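Source file: target.cif; contents: mmCIF, C-alpha atoms.
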```cif
data_start
#
loop_
_atom_site.label_atom_id
_atom_site.label_comp_id
_atom_site.auth_asym_id
_atom_site.auth_seq_id
_atom_site.Cartn_x
_atom_site.Cartn_y
_atom_site.Cartn_z
CA MET I 1 0.23 -2.33 -26.24
CA ILE I 2 1.18 -0.03 -23.41
CA LEU I 3 0.25 -0.46 -19.79
CA GLU I 4 0.41 2.83 -17.95
CA PRO I 5 -1.65 4.01 -14.97
CA LEU I 6 -4.63 6.12 -16.00
CA LEU I 7 -5.21 9.41 -14.17
CA SER I 8 -8.51 10.30 -15.80
CA LEU I 9 -10.93 9.34 -18.56
CA VAL I 10 -13.44 11.71 -20.16
CA GLU I 11 -16.02 10.05 -22.41
CA HIS I 12 -18.16 12.06 -24.83
CA PRO I 13 -21.38 12.90 -22.94
CA ASP I 14 -23.52 11.82 -25.93
CA TRP I 15 -21.72 8.53 -26.59
CA ASP I 16 -24.19 5.91 -27.81
CA LEU I 17 -23.09 2.26 -27.77
CA ASP I 18 -26.07 1.09 -29.85
CA TYR I 19 -25.36 3.44 -32.77
CA GLY I 20 -21.63 4.02 -32.29
CA ALA I 21 -22.25 7.76 -32.21
CA ASN I 22 -19.72 10.06 -30.53
CA ASP I 23 -17.34 7.15 -29.90
CA ILE I 24 -14.45 9.24 -28.60
CA ALA I 25 -12.78 9.81 -25.26
CA LEU I 26 -9.78 11.60 -23.80
CA ILE I 27 -7.37 9.92 -21.42
CA LYS I 28 -4.70 11.37 -19.19
CA LEU I 29 -1.86 9.06 -18.28
CA ASN I 30 0.15 9.05 -15.08
CA GLU I 31 3.39 9.20 -17.10
CA THR I 32 4.49 11.25 -20.12
CA LEU I 33 4.99 8.98 -23.12
CA ASP I 34 8.60 8.62 -24.29
CA PHE I 35 8.36 8.33 -28.09
CA ASN I 36 12.14 7.77 -28.39
CA GLY I 37 12.48 5.15 -25.67
CA LYS I 38 9.98 3.01 -23.82
CA HIS I 39 7.11 3.95 -26.18
CA LYS I 40 9.10 4.11 -29.44
CA HIS I 41 6.49 1.96 -31.23
CA LEU I 42 3.99 4.84 -30.83
CA GLU I 43 3.80 8.16 -32.64
CA PRO I 44 2.13 11.40 -31.58
CA ILE I 45 -0.98 12.52 -33.43
CA CYS I 46 -0.37 14.53 -36.60
CA LEU I 47 -2.13 17.89 -36.52
CA PRO I 48 -2.52 20.17 -39.54
CA ASN I 49 -0.57 23.40 -39.76
CA THR I 50 -3.69 25.29 -40.82
CA SER I 51 -6.83 25.92 -38.85
CA ILE I 52 -9.93 23.87 -39.61
CA THR I 53 -13.22 25.71 -39.93
CA THR I 54 -16.49 24.39 -38.55
CA SER I 55 -17.81 23.88 -42.10
CA GLU I 56 -15.17 21.27 -42.98
CA ALA I 57 -15.86 17.54 -42.68
CA CYS I 58 -13.44 15.53 -40.53
CA LEU I 59 -12.79 11.82 -40.16
CA SER I 60 -11.33 10.09 -37.14
CA VAL I 61 -10.46 6.40 -36.95
CA GLY I 62 -9.16 4.14 -34.23
CA PHE I 63 -9.67 0.93 -32.36
CA GLY I 64 -10.12 -0.24 -28.82
CA ALA I 65 -12.38 -1.90 -26.31
CA ILE I 66 -15.97 -0.89 -25.67
CA ASN I 67 -16.23 -2.34 -22.17
CA LYS I 68 -14.76 -1.06 -18.94
#
```
When written as structure tokens, how does the structure in this file appear?
Amino acid sequence: MILEPLLSLVEHPDWDLDYGANDIALIKLNETLDFNGKHKHLEPICLPNTSITTSEACLSVGFGAINK
């Protein structure tokens, strides 16, 4: 777990708690994460080297709290 001040949170505008649809958000932290020091238990997201077209299916997984 990391505890860092949050600068901003952007939730998906069509997020639906009842159906779990569009359960994604972006956060901006007050501090840059240090993956070699203080935050060494975390890893940055892995992005593909190739571009993804709009016709390809994607899967995203994660965990977290659903209350504010």
Shell of 7 Å around Leu26 of chain I, all atoms listed in the file, local chain residues under 4 positions omitted, as a VMD selection string: chain I and resid 9 to 11
Keeping only C-alpha atoms, write those residues as an mmCIF file, in the coordinates of the input.
```cif
data_model
loop_
_atom_site.group_PDB
_atom_site.id
_atom_site.type_symbol
_atom_site.label_atom_id
_atom_site.label_comp_id
_atom_site.auth_asym_id
_atom_site.auth_seq_id
_atom_site.Cartn_x
_atom_site.Cartn_y
_atom_site.Cartn_z
ATOM 1 C CA LEU I 9 -10.930 9.340 -18.560
ATOM 2 C CA VAL I 10 -13.440 11.710 -20.160
ATOM 3 C CA GLU I 11 -16.020 10.050 -22.410
#
```
Given the PyMOL selection byres ((chain I and resi 30) around 10), the residues it picks as JSON, numbers by chain: {"I": [4, 5, 6, 7, 8, 27, 28, 29, 31, 32, 33]}
Nearby residues (all atoms listed in the file) at most 12 Å from segment 35-41 of chain I, same-chain spacing under 5 positions excluded, as a list of chain:residue names: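 In the requested format, the answer is I:Met1, I:Ile2, I:Leu3, I:Glu4.
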Matched chain/residue IDs from the PyMOL selection byres ((chain I and resi 60) around 12), as a PyMOL selection string: chain I and resi 22-25+45-46+57-59+61-63
Report, as AutoDock Vina command-line options, the axis-aligned box around all atoms of segment 16-34 of chain I present in the file, extended by 3 Å on each side; give centre and edge lengths in Å to one decimal place.
```
--center_x -8.7 --center_y 6.3 --center_z -23.9 --size_x 40.7 --size_y 16.5 --size_z 23.7
```
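Rounded to one decimal, atom CA of Asp14 of chain I and atom CA of Glu56 of chain I lie 21.2 Å from each other.
We find atom CA of Gly20 of chain I and atom CA of Thr53 of chain I to be spaced 24.5 Å apart.
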